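J.: Mind looking over this structure? Questions follow.
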Amino acid sequence: GGHRVAAVPSLSSLLDGGGAPDPPPSPFNGWTGSYLRCAACGHDRPVRNEAFSDLPLIVGTSATTLLKCLEAFAATETVTDVSCASCGIRERLRTVEEEIDFYEDAVARCTDSDVGALRRELRLWQRQKDVLLAIDPDSDGAADELGWFDGVEVAAALPRASFAKRLAVTRPPSILAVHLQRRCSGPAGRTDKTSCHVR
């Protein structure tokens with residue numbers, strides 16, 4: 001009788017998770033989502049989700065409730081000096097559409113042999129408009145796509161704008177654990193710890 005020997009998994013397959021079952025999900029794990037909206041053009045960026053196992057809530061300098069801490073966590077704040085590809089596309093489109101209007105008018109008024117050159121220029125501007133309309137303002141390469149056309153630099157850096165930012169729990173955990181952050185800025189920029197009561 002022959003005995004069968006079970007195959008032993010390699011060390012590398014164990015280290016990269018190969019063959020090992022996934023650990024059971026923790027009932028404390030959830031996701032928070034960060035929402036951003038441009039104050040200038042109204043463009044909403046895609047939600048950026050981040051995993052958490054405890055929700056960090058800031059405790060103020062006076063007695064408060066857990067509900068007020070949660071409301072402060074989800075409150076909208078303004079973030080300044082953020083680049084916005086959507087604003088850049090809209091600005092560039094305005095310029096391109098003005099040029100298209102100019103050349104359409106020039107073609108309509110032209111009666112001599114220069115009409116061919118005007119039509120070529122008009123087609124170039126119309127093609128540039130099509131390229132701009134195809135740019136996804138949320139893609140990583142939007143700034144590069146916006147800045148160049150046919151190998152020629154056509155736009156400067158992206159415009160900067162203020163954004164409204166809000167955090168939310170996008171996938172709540174089965175059990176919500178909170179971490180009360182009691183650190184606050186004291187006199188002369190020193191970090192202090194608040195001992196305020198949270199109900």
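In the structure tokens, chains take letters A, B, ... by order of appearance, with residues numbered from 1 within each chain and ligands from 1 in the order shown.
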Which residues are close to region 49-64 of chain A, i.e. within 10 Å by only C-alpha atoms, leaving aside same-chain residues fewer than 3 positions away? Reply as a ChimeraX atom specification.
T.: /A:26-35,46,67-74,167-173,175-185,193-199
J.: If we count only C-alpha atoms, what is near Ala143 (chain A) at a cut-off of 10 Å, once residues fewer than 2 positions away on the same chain are taken out, given as a list in words?
T.: Ser83, Cys84, Ala85, Ser86, Gly88, Ile89, Ile135, Asp136, Pro137, Asp138, Ser139, Asp140, Gly141, Glu145, Leu146, Gly147, Trp148, Ala155, Ala156, Ala157 and Leu158 of chain A
J.: Between A:Ala75, A:Ile100, A:Ala117, A:Ala142, which has the minimum distance to Arg166 (chain A) (counting only C-alpha atoms)?
T.: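 Smallest separation from Arg166 (chain A) among the options: A:Ala75.
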J.: Could you give me the residues within region 15-90 of chain A that DSSP places in strand (DSSP E or B), as a list in words?
T.: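 For region 15-90 of chain A, the strand (DSSP E or B) set is Gly30, Trp31, Thr32, Gly33, Ser34, Tyr35, Leu36, Arg37, Cys38, Asp44, Arg48, Asn49, Glu50, Ala51, Phe52, Leu55, Pro56, Leu57, Ile58, Thr64, Glu77, Thr78, Val79, Thr80, Asp81, Val82 and Ser83 of chain A.
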J.: Mind writing the picked residues with N, CA, C and O atoms as an mmCIF file, in the first residue's frame?
T.:
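In the end it all went to result_21.cif:
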```cif
data_model
loop_
_atom_site.group_PDB
_atom_site.id
_atom_site.type_symbol
_atom_site.label_atom_id
_atom_site.label_comp_id
_atom_site.auth_asym_id
_atom_site.auth_seq_id
_atom_site.Cartn_x
_atom_site.Cartn_y
_atom_site.Cartn_z
ATOM 1 N N GLY A 30 -16.387 49.730 7.652
ATOM 2 C CA GLY A 30 -17.319 50.461 6.799
ATOM 3 C C GLY A 30 -16.533 51.374 5.882
ATOM 4 O O GLY A 30 -15.299 51.327 5.838
ATOM 5 N N TRP A 31 -17.237 52.198 5.113
ATOM 6 C CA TRP A 31 -16.601 53.142 4.200
ATOM 7 C C TRP A 31 -17.144 54.533 4.438
ATOM 8 O O TRP A 31 -18.339 54.724 4.668
ATOM 9 N N THR A 32 -16.237 55.507 4.357
ATOM 10 C CA THR A 32 -16.668 56.901 4.307
ATOM 11 C C THR A 32 -16.414 57.389 2.889
ATOM 12 O O THR A 32 -15.478 56.944 2.226
ATOM 13 N N GLY A 33 -17.261 58.280 2.436
ATOM 14 C CA GLY A 33 -17.110 58.853 1.104
ATOM 15 C C GLY A 33 -16.900 60.349 1.199
ATOM 16 O O GLY A 33 -17.518 61.027 2.020
ATOM 17 N N SER A 34 -16.000 60.860 0.358
ATOM 18 C CA SER A 34 -15.724 62.288 0.301
ATOM 19 C C SER A 34 -16.354 62.840 -0.973
ATOM 20 O O SER A 34 -16.042 62.387 -2.073
ATOM 21 N N TYR A 35 -17.274 63.793 -0.820
ATOM 22 C CA TYR A 35 -17.961 64.428 -1.938
ATOM 23 C C TYR A 35 -17.361 65.807 -2.166
ATOM 24 O O TYR A 35 -17.199 66.576 -1.216
ATOM 25 N N LEU A 36 -17.054 66.138 -3.419
ATOM 26 C CA LEU A 36 -16.510 67.452 -3.768
ATOM 27 C C LEU A 36 -17.320 68.067 -4.904
ATOM 28 O O LEU A 36 -17.565 67.413 -5.921
ATOM 29 N N ARG A 37 -17.730 69.345 -4.737
ATOM 30 C CA ARG A 37 -18.452 70.073 -5.781
ATOM 31 C C ARG A 37 -17.771 71.421 -5.990
ATOM 32 O O ARG A 37 -17.544 72.166 -5.043
ATOM 33 N N CYS A 38 -17.469 71.731 -7.262
ATOM 34 C CA CYS A 38 -16.834 73.004 -7.593
ATOM 35 C C CYS A 38 -17.838 74.141 -7.410
ATOM 36 O O CYS A 38 -18.954 74.089 -7.941
ATOM 37 N N ASP A 44 -19.516 67.960 -9.993
ATOM 38 C CA ASP A 44 -19.342 67.025 -8.887
ATOM 39 C C ASP A 44 -18.264 66.016 -9.247
ATOM 40 O O ASP A 44 -18.379 65.340 -10.276
ATOM 41 N N ARG A 48 -14.979 59.619 -3.423
ATOM 42 C CA ARG A 48 -13.769 58.865 -3.073
ATOM 43 C C ARG A 48 -14.046 58.148 -1.766
ATOM 44 O O ARG A 48 -14.233 58.784 -0.725
ATOM 45 N N ASN A 49 -14.116 56.833 -1.838
ATOM 46 C CA ASN A 49 -14.397 56.025 -0.655
ATOM 47 C C ASN A 49 -13.125 55.601 0.045
ATOM 48 O O ASN A 49 -12.104 55.351 -0.606
ATOM 49 N N GLU A 50 -13.215 55.522 1.356
ATOM 50 C CA GLU A 50 -12.083 55.095 2.174
ATOM 51 C C GLU A 50 -12.616 54.196 3.282
ATOM 52 O O GLU A 50 -13.640 54.495 3.909
ATOM 53 N N ALA A 51 -11.908 53.104 3.524
ATOM 54 C CA ALA A 51 -12.335 52.159 4.560
ATOM 55 C C ALA A 51 -12.043 52.713 5.957
ATOM 56 O O ALA A 51 -11.105 53.477 6.152
ATOM 57 N N PHE A 52 -12.873 52.324 6.909
ATOM 58 C CA PHE A 52 -12.615 52.675 8.307
ATOM 59 C C PHE A 52 -13.085 51.538 9.210
ATOM 60 O O PHE A 52 -13.937 50.734 8.828
ATOM 61 N N LEU A 55 -14.991 55.413 13.443
ATOM 62 C CA LEU A 55 -15.266 56.718 12.851
ATOM 63 C C LEU A 55 -14.670 57.808 13.735
ATOM 64 O O LEU A 55 -15.045 57.923 14.904
ATOM 65 N N PRO A 56 -13.723 58.616 13.206
ATOM 66 C CA PRO A 56 -13.110 59.665 14.024
ATOM 67 C C PRO A 56 -14.028 60.886 14.138
ATOM 68 O O PRO A 56 -14.396 61.484 13.140
ATOM 69 N N LEU A 57 -14.417 61.208 15.353
ATOM 70 C CA LEU A 57 -15.284 62.361 15.599
ATOM 71 C C LEU A 57 -14.540 63.356 16.478
ATOM 72 O O LEU A 57 -13.976 62.987 17.502
ATOM 73 N N ILE A 58 -14.561 64.621 16.077
ATOM 74 C CA ILE A 58 -13.856 65.659 16.831
ATOM 75 C C ILE A 58 -14.761 66.166 17.946
ATOM 76 O O ILE A 58 -15.922 66.492 17.723
ATOM 77 N N THR A 64 -20.953 68.412 24.740
ATOM 78 C CA THR A 64 -21.687 68.187 23.500
ATOM 79 C C THR A 64 -22.371 66.830 23.537
ATOM 80 O O THR A 64 -22.256 66.091 24.512
ATOM 81 N N GLU A 77 -17.873 71.712 4.292
ATOM 82 C CA GLU A 77 -16.819 72.700 4.505
ATOM 83 C C GLU A 77 -16.328 73.191 3.153
ATOM 84 O O GLU A 77 -16.535 72.542 2.131
ATOM 85 N N THR A 78 -15.679 74.340 3.142
ATOM 86 C CA THR A 78 -15.134 74.897 1.907
ATOM 87 C C THR A 78 -13.636 74.640 1.847
ATOM 88 O O THR A 78 -12.921 74.907 2.800
ATOM 89 N N VAL A 79 -13.211 74.089 0.727
ATOM 90 C CA VAL A 79 -11.789 73.838 0.474
ATOM 91 C C VAL A 79 -11.387 74.787 -0.652
ATOM 92 O O VAL A 79 -12.046 74.834 -1.693
ATOM 93 N N THR A 80 -10.323 75.548 -0.453
ATOM 94 C CA THR A 80 -9.939 76.559 -1.447
ATOM 95 C C THR A 80 -8.730 76.125 -2.264
ATOM 96 O O THR A 80 -7.996 75.211 -1.888
ATOM 97 N N ASP A 81 -8.548 76.798 -3.401
ATOM 98 C CA ASP A 81 -7.383 76.639 -4.261
ATOM 99 C C ASP A 81 -7.217 75.210 -4.787
ATOM 100 O O ASP A 81 -6.138 74.641 -4.746
ATOM 101 N N VAL A 82 -8.310 74.652 -5.304
ATOM 102 C CA VAL A 82 -8.294 73.298 -5.870
ATOM 103 C C VAL A 82 -8.379 73.429 -7.387
ATOM 104 O O VAL A 82 -9.181 74.216 -7.900
ATOM 105 N N SER A 83 -7.556 72.687 -8.119
ATOM 106 C CA SER A 83 -7.619 72.763 -9.584
ATOM 107 C C SER A 83 -8.881 72.061 -10.070
ATOM 108 O O SER A 83 -9.294 71.047 -9.521
#
```
J.: Could you work out how far CA of Leu122 (chain A) lies from CA of Ala108 (chain A), giving the answer in Å with one decimal?
T.: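 Taking CA of Ala108 (chain A) and CA of Leu122 (chain A), their separation equals 11.5 Å.
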J.: Figure out the distance between CA of Arg45 (chain A) and CA of Leu132 (chain A), please, to one decimal in Å.
T.: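 Interatomic distance here is 17.9 Å.
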